[in-house]
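Engineer: This is the structure I have questions about; it appears just below.
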Amino acid sequence: MSLTVRAPAKINLHLGVGAPREDGFHPLVTVYQAVGLCDDLTVTPSPGWTLGVTVPEWMDVDAVPVTGDNIVDRAAQLLARHHGASQEAAVSIAKSIPVAGGMAGGSADAAAALVALDRLWGLGTSDEDLLAIAAELGSDVPFALVGGTALGTGRGELVESVPDTATWWWVVVPSERGLSTPEVYRRFDQLAPDAAPEPAGAEAVLLALSTGDPGVLAAALHNDLEPAALDLRPDLADVLELGERSGALRGLVSGSGPTCLFLAEDADASREVAGRLSEQHDVVLVTNGPVAGAHVVTYG
Ligand code: C5P
């Protein structure tokens with residue numbers, strides 16, 4: 001018997017960041033969208049615990065942390081401990097989400113592991129408990145379970161689905177080198193020492209989603225971490241400029257970066273923008289959203 005769960009990458013259409021809280025985390029108001037770049041995680045029964053990973057040829061397999069304290073091990077430990085079950089399975093991850101790219105690939109893998117192991121071990125964990133375990137694993141993990149388009153508050157772990165009936169087309173340019181999320185937040189603190197405790201609200205993006213008009217959404221996209229990511233990686237400004245010159249409605253850094261995202265008018269335009277970006281960048285992907293959160297794709 002084996003079971004495969006697919007979990008999506010996220011992008012932040014709005015990322016408002018406030019001054020750090022007492023626990024060191026930053027209060028967020030964010031609008032997440034799950035997009036069609038997905039990791040597939042397969043579990044099979046096994047007398048012990050193993051974790052393996054395969055990557056597309058453009059990704060560096062050594063960049064994927066599968067040994068030591070990685071988030072999939074922690075997901076399995078928390079779920080097993082919650083039920084007093086033993087942590088036994090062979091797990092393999094087929095990655096497509098850029099690693100350390102600001103698209104929550106590790107969070108997607110953790111969410112997929114929770115759904116897959118819950119089924120494999122026959123635990124029947126309630127949605128409420130699964131979301132609580134997800135929140136313990138990382139700020140973005142609950143959203144990877146929920147998917148679609150959602151408003152995120154707290155440190156990002158409190159998610160509430162929002163209406164989003166359009167299909168939005170994105171061009172994604174991953175970077176060869178990743179960026180560390182804590183480092184980007186530290187640079188945010190240095191660049192914005194007077195940040196308000198209350199993050200910028202997401203009204204403009206929520207309104208734009210309801211119009212279904214990519215031009216309106218392009219104008220509303222907002223990322224408070226972008227200046228910090230660009231300060232750490234000034235080369236990203238050239239990528240953003242090239243995408244916008246190539247016909248994208250708007251370019252922005254994805255979450256804490258360094259992946260760059262471009263919103264296109266429609267599917268045809270996204271392929272044109274991707275074609276032009278490909279002249280200068282080896283890896284250029286086209287995707288769309290919103291898509292579903294972590295869900296079973298094969299069972300048997
Ligand atoms: O929650 P997660 O493990 O994904 O967070 C990784 C790091 O990102 C945290 O240790 C913290 O440095 C930073 N972070 C933050 N505020 C948030 C989310 C993450 O400062 N809301």
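To be explicit about the labels: the chains of the structure tokens are called A, B, and onward in the order shown, and within each one the residues are counted from 1, while ligands get numbers from 1 in the order they are shown.
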Could you report the residues within 7 Å of ligand 1, using only C-alpha atoms and all ligand atoms, as a list in words?

Structural biologist: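 Listing the residues within 7 Å of ligand 1 gives Pro20, Gly24, Phe25, His26, Pro27, Leu28, Leu137, Gly138, Ser139, Asp140, Arg155, Gly156, Thr181, Pro182 and Tyr185 of chain A.
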
Engineer: Write down as a list in words the residues belonging to stretch 107-257 of chain A that are assigned strand (DSSP E) by DSSP computed on the backbone.

Structural biologist: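 Reading the DSSP output for stretch 107-257 of chain A, strand (DSSP E) covers Thr149, Ala150, Leu151, Gly152, Thr153, Leu158, Val159, Glu160, Ser161, Trp168, Trp169, Trp170, Val171, Val172, Val173, His222, Asn223, Arg250, Gly251, Leu252 and Val253 of chain A.
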
Engineer: Counting only C-alpha atoms, give me one row per residue of stretch 112-231 of chain A with an atom at most 10 Å from an atom of stretch 53-71 of chain A, showing the shortest contact pair and its distance in Å to one decimal, sorted by chain then residue number, as JSON lines.

Structural biologist:
```
{"residue": "A:Ala113", "atom": "CA", "partner": "A:Ile71", "partner_atom": "CA", "distance": 9.4}
{"residue": "A:Leu137", "atom": "CA", "partner": "A:Ile71", "partner_atom": "CA", "distance": 7.1}
{"residue": "A:Gly138", "atom": "CA", "partner": "A:Ile71", "partner_atom": "CA", "distance": 8.6}
{"residue": "A:Pro174", "atom": "CA", "partner": "A:Met59", "partner_atom": "CA", "distance": 9.6}
{"residue": "A:Ser175", "atom": "CA", "partner": "A:Met59", "partner_atom": "CA", "distance": 9.9}
{"residue": "A:Glu176", "atom": "CA", "partner": "A:Met59", "partner_atom": "CA", "distance": 8.2}
{"residue": "A:Arg177", "atom": "CA", "partner": "A:Ala63", "partner_atom": "CA", "distance": 9.1}
{"residue": "A:Gly178", "atom": "CA", "partner": "A:Ala63", "partner_atom": "CA", "distance": 8.7}
```

Engineer: Limited to all heavy atoms, could you put the picked residues into a file as an mmCIF file, in the first residue's frame?

Structural biologist:
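out09.cif was written with the following content:
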```cif
data_model
loop_
_atom_site.group_PDB
_atom_site.id
_atom_site.type_symbol
_atom_site.label_atom_id
_atom_site.label_comp_id
_atom_site.auth_asym_id
_atom_site.auth_seq_id
_atom_site.Cartn_x
_atom_site.Cartn_y
_atom_site.Cartn_z
ATOM 1 N N ALA A 113 3.105 15.665 4.611
ATOM 2 C CA ALA A 113 3.460 14.572 5.525
ATOM 3 C C ALA A 113 2.353 14.362 6.561
ATOM 4 O O ALA A 113 1.992 13.208 6.868
ATOM 5 C CB ALA A 113 4.785 14.870 6.217
ATOM 6 N N LEU A 137 4.557 23.624 13.613
ATOM 7 C CA LEU A 137 5.687 23.321 12.723
ATOM 8 C C LEU A 137 6.233 24.558 12.009
ATOM 9 O O LEU A 137 7.425 24.623 11.715
ATOM 10 C CB LEU A 137 5.255 22.286 11.671
ATOM 11 C CG LEU A 137 5.064 20.885 12.226
ATOM 12 C CD1 LEU A 137 4.242 20.029 11.266
ATOM 13 C CD2 LEU A 137 6.421 20.236 12.480
ATOM 14 N N GLY A 138 5.374 25.522 11.741
ATOM 15 C CA GLY A 138 5.842 26.717 11.037
ATOM 16 C C GLY A 138 4.674 27.613 10.673
ATOM 17 O O GLY A 138 3.542 27.137 10.525
ATOM 18 N N PRO A 174 13.049 31.161 -10.185
ATOM 19 C CA PRO A 174 13.788 30.792 -8.975
ATOM 20 C C PRO A 174 15.227 31.293 -9.090
ATOM 21 O O PRO A 174 15.696 31.628 -10.171
ATOM 22 C CB PRO A 174 13.773 29.259 -8.988
ATOM 23 C CG PRO A 174 12.857 28.846 -10.091
ATOM 24 C CD PRO A 174 12.777 29.994 -11.041
ATOM 25 N N SER A 175 15.885 31.331 -7.934
ATOM 26 C CA SER A 175 17.271 31.796 -7.912
ATOM 27 C C SER A 175 18.170 30.606 -7.589
ATOM 28 O O SER A 175 17.746 29.682 -6.898
ATOM 29 C CB SER A 175 17.378 32.857 -6.824
ATOM 30 O OG SER A 175 18.693 33.300 -6.704
ATOM 31 N N GLU A 176 19.404 30.643 -8.091
ATOM 32 C CA GLU A 176 20.308 29.512 -7.811
ATOM 33 C C GLU A 176 20.625 29.400 -6.327
ATOM 34 O O GLU A 176 20.771 28.317 -5.792
ATOM 35 C CB GLU A 176 21.602 29.665 -8.601
ATOM 36 C CG GLU A 176 21.520 29.030 -9.969
ATOM 37 C CD GLU A 176 22.767 29.279 -10.771
ATOM 38 O OE1 GLU A 176 23.865 29.283 -10.192
ATOM 39 O OE2 GLU A 176 22.621 29.493 -11.994
ATOM 40 N N ARG A 177 20.763 30.563 -5.672
ATOM 41 C CA ARG A 177 21.058 30.564 -4.225
ATOM 42 C C ARG A 177 19.807 30.947 -3.455
ATOM 43 O O ARG A 177 19.094 31.867 -3.851
ATOM 44 C CB ARG A 177 22.140 31.604 -3.911
ATOM 45 C CG ARG A 177 23.539 31.188 -4.325
ATOM 46 C CD ARG A 177 24.513 32.329 -4.100
ATOM 47 N NE ARG A 177 24.224 33.494 -4.921
ATOM 48 C CZ ARG A 177 24.166 34.745 -4.486
ATOM 49 N NH1 ARG A 177 24.343 35.021 -3.212
ATOM 50 N NH2 ARG A 177 23.920 35.744 -5.305
ATOM 51 N N GLY A 178 19.532 30.265 -2.331
ATOM 52 C CA GLY A 178 18.375 30.580 -1.510
ATOM 53 C C GLY A 178 18.654 31.773 -0.602
ATOM 54 O O GLY A 178 19.771 32.278 -0.538
#
```

Engineer: List as an MDAnalysis selection string the protein and nucleic acid residues near A:Ala200, meaning an atom at most 9 Å away when only C-alpha atoms are counted, but skip any in the same chain fewer than 4 places from it.

Structural biologist: chainID A and resid 14:18 28:30 196 224

Engineer: Need the shell around A:Ser46: protein/DNA/RNA residues with any atom at most 9 Å away, counting only C-alpha atoms. Skip same-chain ones fewer than 4 positions apart. Format as a list in words?

Structural biologist: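 Counting only the stated atoms, we get Thr50, Glu88, Ala89 and Ala90 of chain A.
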
Engineer: Please save all heavy atoms of the selected residues as a short mmCIF file (atom, residue, chain, number, x, y, z; two decimals), in the first residue's frame.

Structural biologist:
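Output (again-v9.cif):
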```cif
data_model
loop_
_atom_site.label_atom_id
_atom_site.label_comp_id
_atom_site.auth_asym_id
_atom_site.auth_seq_id
_atom_site.Cartn_x
_atom_site.Cartn_y
_atom_site.Cartn_z
N THR A 50 12.43 6.22 7.12
CA THR A 50 13.39 6.69 6.11
C THR A 50 12.77 7.86 5.36
O THR A 50 11.54 7.94 5.22
CB THR A 50 13.75 5.59 5.09
OG1 THR A 50 12.55 5.13 4.46
CG2 THR A 50 14.47 4.42 5.75
N GLU A 88 6.77 5.16 12.04
CA GLU A 88 7.34 4.20 11.10
C GLU A 88 6.75 4.42 9.71
O GLU A 88 5.53 4.33 9.52
CB GLU A 88 7.04 2.77 11.55
CG GLU A 88 7.77 2.39 12.82
CD GLU A 88 7.52 0.94 13.22
OE1 GLU A 88 6.54 0.35 12.71
OE2 GLU A 88 8.31 0.41 14.01
N ALA A 89 7.61 4.69 8.75
CA ALA A 89 7.17 4.83 7.35
C ALA A 89 8.39 5.06 6.48
O ALA A 89 9.42 5.53 6.96
CB ALA A 89 6.22 6.02 7.20
N ALA A 90 8.25 4.71 5.20
CA ALA A 90 9.25 5.13 4.22
C ALA A 90 8.63 6.30 3.46
O ALA A 90 7.53 6.16 2.90
CB ALA A 90 9.58 3.99 3.28
#
```

Engineer: Between atom CA of A:Gly201 and atom CA of A:Thr287, what is the spacing in Å?

Structural biologist: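 Atom-to-atom, atom CA of A:Thr287 to atom CA of A:Gly201, that is 26.5 Å.
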
Engineer: From the set A:Ala19, A:Leu51, A:Leu261, A:Ala202, which residue has the shortest atom-to-atom contact distance to A:Glu226, counting only C-alpha atoms?

Structural biologist: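 Of A:Ala19, A:Leu51, A:Leu261, A:Ala202, the one nearest A:Glu226 is A:Leu261, counting only C-alpha atoms.
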
Engineer: Quick one: pull the distance between atom CA of A:Ala237 and atom CA of A:Glu183, Å, one decimal.

Structural biologist: 18.5 Å

Engineer: In terms of the shortest atom-to-atom distance over only C-alpha atoms, which of A:Gly84, A:Gly247, A:Pro98, A:Gly212 is closest to A:Glu272?

Structural biologist: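 Among the listed residues, A:Gly247 lies closest to A:Glu272.
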
Engineer: Could you pull out the residues in stretch 133-226 of chain A that DSSP calls alpha helix (DSSP H) from the backbone, as a ChimeraX atom specification?

Structural biologist: /A:133-137,141-146,181-191,203-211,214-220,226
